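What follows is a single structure, written as structure tokens, with notes after it.
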Amino acid sequence: MNVLIVFAHPERQSLNGALLDVAVRELEAQGHKVQVSDLYTMHWKATVDRNDFPGLSSDASLKVWKASHDGFAAGDLTEDVKAEQEKLRWADTVILQFPLWWFAMPAILKGWVDRVYASGFAYGVGEHSDKRWGDRYGEGVMEGKRAMLIVTAGGWPEHYSERGINGPIDDLLFPINHGILFYPGFTVLPPFVAYRVDRLDDAKFGVVADQLRERMRTLETIRPIPYRRQNYGDYQIPTMEVLPELVPPGVKGFEVHLAPERD
């Protein structure tokens, strides 16, 4: 299996860096091929601007989705973006690894998504009609590939629980899991989250490392998050609302997009 890890932490000699080493070594020990995009080491450009679209006329207005679509179709995106797209094509599994900063991913990783997920590549594909609304949410270019998050958080697990002050971790990660990974077609695996990372001593790190090794060993077998596929009859098109009869009593919010009765 080919595994791409997109790593977003500014200090390679950090806890995140140590966890990256654990993951890579375990994956390679299992016979998998691994590539790492270390965004800070790469000095990844995080902002989208005119420089991302060499084919855009200097007197043309910048509409990012259109410039992205035209540039991708013409093979005229920047070389750094094209290289990351090739890694995504190569990968069978993609892992995004990052510290949870202000309830989200670091800006450099969001910038990787903004620039690499070109229109025509990760979105804006497929038929739009009264029966389909594009190839997305379970379909698309990444269909058949798996993806997951490795996340570190300074807070306690209880802080990210159903009654925790930070909100449930699954809700906080929903925009990434559902919106960034499931949208272009990935099968999304449950995230691996390490808590209280600022308080990890060697013994506690050993426990977390063992748990991460186990997750790397089960990438091909662990049950994915059972998100509802957009074009498979669960949503009313074009309003894109889950059919009311499919939502159990009392279920609301992000949970309505789960179909736990399915594999």
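Scheme for the structure tokens: letters A, B, ... for chains in order shown; per-chain residue numbers from 1; ligand numbers from 1 in order shown.
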Among segment 104-157 of chain A, which ones does DSSP assign to alpha helix (DSSP H) (computed from the backbone)? Answer as a PyMOL selection string.
chain A and resi 107-116
If DSSP is run on the backbone, what residues of segment 2-224 of chain A are strand (DSSP E or B)? A reply as number ranges by chain would be ideal.
A: 2-7, 33-38, 93-99, 101, 104, 119, 123, 128, 133, 146-152, 187-188, 192-194
Go ahead and write the residues just picked, N, CA, C and O atoms, as a compact mmCIF listing (two decimals), in the first residue's frame.
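Wrote selection10.txt, looks like this:
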```
# COMPACT_ATOMS: atom_id res chain seq x y z
N ASN A 2 0.46 2.26 -0.72
CA ASN A 2 1.16 3.54 -0.76
C ASN A 2 0.49 4.50 0.21
O ASN A 2 -0.73 4.73 0.13
N VAL A 3 1.29 5.08 1.10
CA VAL A 3 0.75 5.96 2.13
C VAL A 3 1.43 7.33 2.04
O VAL A 3 2.66 7.42 2.05
N LEU A 4 0.62 8.37 1.93
CA LEU A 4 1.10 9.75 1.96
C LEU A 4 0.74 10.35 3.30
O LEU A 4 -0.43 10.34 3.70
N ILE A 5 1.73 10.90 4.01
CA ILE A 5 1.49 11.63 5.25
C ILE A 5 1.80 13.10 4.99
O ILE A 5 2.92 13.45 4.61
N VAL A 6 0.80 13.94 5.18
CA VAL A 6 1.00 15.38 5.06
C VAL A 6 1.16 15.90 6.50
O VAL A 6 0.22 15.87 7.29
N PHE A 7 2.37 16.37 6.80
CA PHE A 7 2.77 16.68 8.17
C PHE A 7 2.87 18.18 8.36
O PHE A 7 3.55 18.87 7.58
N LYS A 33 4.79 1.46 1.31
CA LYS A 33 5.63 2.55 0.82
C LYS A 33 5.08 3.86 1.37
O LYS A 33 3.86 4.08 1.35
N VAL A 34 5.96 4.72 1.85
CA VAL A 34 5.53 5.95 2.53
C VAL A 34 6.22 7.16 1.90
O VAL A 34 7.42 7.15 1.64
N GLN A 35 5.43 8.19 1.65
CA GLN A 35 5.96 9.51 1.32
C GLN A 35 5.47 10.49 2.38
O GLN A 35 4.33 10.39 2.85
N VAL A 36 6.31 11.45 2.75
CA VAL A 36 5.94 12.47 3.72
C VAL A 36 6.08 13.85 3.07
O VAL A 36 7.14 14.17 2.52
N SER A 37 5.02 14.62 3.12
CA SER A 37 5.09 16.03 2.74
C SER A 37 5.18 16.82 4.04
O SER A 37 4.17 17.05 4.71
N ASP A 38 6.40 17.22 4.41
CA ASP A 38 6.65 18.00 5.62
C ASP A 38 6.52 19.47 5.23
O ASP A 38 7.47 20.08 4.71
N THR A 93 -3.65 5.51 0.73
CA THR A 93 -4.11 6.07 1.99
C THR A 93 -3.40 7.40 2.22
O THR A 93 -2.20 7.51 1.99
N VAL A 94 -4.15 8.38 2.69
CA VAL A 94 -3.61 9.70 2.98
C VAL A 94 -3.84 10.00 4.46
O VAL A 94 -4.96 9.83 4.97
N ILE A 95 -2.80 10.46 5.14
CA ILE A 95 -2.89 10.83 6.54
C ILE A 95 -2.52 12.30 6.68
O ILE A 95 -1.46 12.72 6.20
N LEU A 96 -3.40 13.08 7.28
CA LEU A 96 -3.08 14.45 7.64
C LEU A 96 -2.71 14.48 9.11
O LEU A 96 -3.51 14.08 9.95
N GLN A 97 -1.51 14.94 9.43
CA GLN A 97 -1.04 14.98 10.82
C GLN A 97 -0.77 16.41 11.23
O GLN A 97 -0.02 17.13 10.58
N PHE A 98 -1.35 16.80 12.38
CA PHE A 98 -1.21 18.19 12.82
C PHE A 98 -1.60 18.35 14.29
O PHE A 98 -2.35 17.55 14.82
N PRO A 99 -1.09 19.41 14.93
CA PRO A 99 -1.57 19.78 16.25
C PRO A 99 -2.88 20.56 16.11
O PRO A 99 -3.05 21.33 15.16
N TRP A 101 -4.80 23.51 16.72
CA TRP A 101 -4.55 24.90 17.10
C TRP A 101 -5.82 25.71 16.93
O TRP A 101 -6.38 25.77 15.83
N ALA A 104 -8.69 23.99 15.10
CA ALA A 104 -8.58 23.74 13.67
C ALA A 104 -7.16 23.29 13.34
O ALA A 104 -6.30 23.20 14.21
N SER A 119 -10.03 22.87 -8.62
CA SER A 119 -11.28 22.56 -9.29
C SER A 119 -11.01 21.68 -10.50
O SER A 119 -10.10 21.94 -11.29
N TYR A 123 -12.65 18.86 -6.66
CA TYR A 123 -14.06 19.30 -6.62
C TYR A 123 -14.44 19.81 -7.99
O TYR A 123 -13.61 19.94 -8.89
N HIS A 128 -24.12 17.26 -12.91
CA HIS A 128 -25.06 17.99 -12.06
C HIS A 128 -26.43 17.95 -12.73
O HIS A 128 -26.61 18.48 -13.83
N TRP A 133 -25.59 15.50 -7.95
CA TRP A 133 -25.11 16.85 -7.72
C TRP A 133 -23.58 16.83 -7.71
O TRP A 133 -22.93 17.24 -6.76
N ARG A 146 -8.30 5.55 1.16
CA ARG A 146 -8.62 5.78 2.56
C ARG A 146 -7.88 7.01 3.06
O ARG A 146 -6.85 7.40 2.51
N ALA A 147 -8.43 7.63 4.10
CA ALA A 147 -7.77 8.80 4.68
C ALA A 147 -8.11 8.87 6.16
O ALA A 147 -9.15 8.38 6.60
N MET A 148 -7.21 9.49 6.92
CA MET A 148 -7.44 9.67 8.35
C MET A 148 -6.60 10.83 8.86
O MET A 148 -5.71 11.33 8.16
N LEU A 149 -6.89 11.23 10.10
CA LEU A 149 -6.17 12.29 10.77
C LEU A 149 -5.38 11.73 11.94
O LEU A 149 -5.84 10.82 12.64
N ILE A 150 -4.17 12.26 12.14
CA ILE A 150 -3.43 12.09 13.39
C ILE A 150 -3.36 13.48 14.00
O ILE A 150 -2.79 14.40 13.42
N VAL A 151 -3.97 13.63 15.18
CA VAL A 151 -4.14 14.94 15.79
C VAL A 151 -3.59 14.91 17.21
O VAL A 151 -3.82 13.94 17.96
N THR A 152 -2.90 15.97 17.60
CA THR A 152 -2.49 16.12 19.00
C THR A 152 -3.22 17.31 19.60
O THR A 152 -3.45 18.33 18.94
N THR A 187 -12.65 7.37 1.61
CA THR A 187 -13.24 6.62 2.71
C THR A 187 -12.51 7.08 3.97
O THR A 187 -11.29 6.94 4.06
N VAL A 188 -13.24 7.61 4.94
CA VAL A 188 -12.62 8.30 6.07
C VAL A 188 -12.58 7.39 7.29
O VAL A 188 -13.62 6.88 7.73
N PHE A 192 -7.02 9.44 14.86
CA PHE A 192 -6.19 9.08 16.01
C PHE A 192 -5.87 10.38 16.73
O PHE A 192 -5.24 11.28 16.15
N VAL A 193 -6.32 10.51 17.97
CA VAL A 193 -6.13 11.74 18.72
C VAL A 193 -5.34 11.45 19.99
O VAL A 193 -5.70 10.56 20.77
N ALA A 194 -4.25 12.18 20.18
CA ALA A 194 -3.45 12.10 21.40
C ALA A 194 -3.75 13.34 22.25
O ALA A 194 -3.61 14.46 21.76
```
Could you name the residues that touch Ile225 of chain A at 12 Å or less, counting only C-alpha atoms, but leaving out those on the same chain fewer than 5 positions away, as a PyMOL selection string?
chain A and resi 138+146-148+170+174+177-178+181-182+186-191+255+257-263
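The coordinates place atom CA of Gly154 of chain A at 5.2 Å from atom CA of Val197 of chain A.
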Which residues, written as a compact mmCIF listing (two decimals) with C-alpha atoms, in the first residue's frame, have at least one atom at most 9 Å from segment 198-209 of chain A, with only C-alpha atoms counted and residues fewer than 6 positions away on the same chain left out?
```txt
# COMPACT_ATOMS: atom_id res chain seq x y z
CA LEU A 15 6.21 15.26 19.95
CA ALA A 18 8.31 11.71 17.18
CA LEU A 19 4.84 10.39 16.37
CA VAL A 22 6.62 6.05 14.86
CA ALA A 23 4.03 5.98 12.10
CA ALA A 153 -4.32 18.23 21.58
CA GLY A 154 -3.13 19.85 24.76
CA GLY A 155 -6.45 19.39 26.56
```
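For the pair atom CA of Arg196 of chain A and atom CA of Leu219 of chain A, the interatomic distance is 24.4 Å.
With only C-alpha atoms as the atoms that count, the minimum distance from Thr218 of chain A to the choices A:His9, A:Leu20, A:Gly120, A:Leu27 is reached by A:Leu27.
For the set A:Val247, A:Leu88, A:Ala74, A:Leu172, the residue with the smallest atom-to-atom gap to Trp102 of chain A is A:Leu172, counting only C-alpha atoms.
Closest approach to Tyr227 of chain A from the set A:Pro168, A:Pro157, A:Gly179, A:Pro10 is made by A:Gly179, with distances taken over only C-alpha atoms.
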Ser129 of chain A: which residues within 12 Å, counting only C-alpha atoms, same-chain residues fewer than 3 positions away excluded, as a PyMOL selection string?
chain A and resi 126+132-135+231+237-238
Expressed in Å, the length from atom CA of Phe53 of chain A to atom CA of Ala67 of chain A is 6.4 Å
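In this comparison, which uses only C-alpha atoms, the residue of A:Phe103, A:Tyr40, A:Phe254, A:Trp112 approaching Asp171 of chain A most closely is A:Phe254.
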Between A:Arg115, A:Arg228, A:Arg163, A:Arg215, which one has atoms that come closest to His69 of chain A, using only C-alpha atoms?
A:Arg115
Kindly indicate which residue among A:Asn166, A:Trp156, A:Asp52, A:Val242 lies nearest to Thr78 of chain A, using only C-alpha atoms for the distances.
A:Asp52
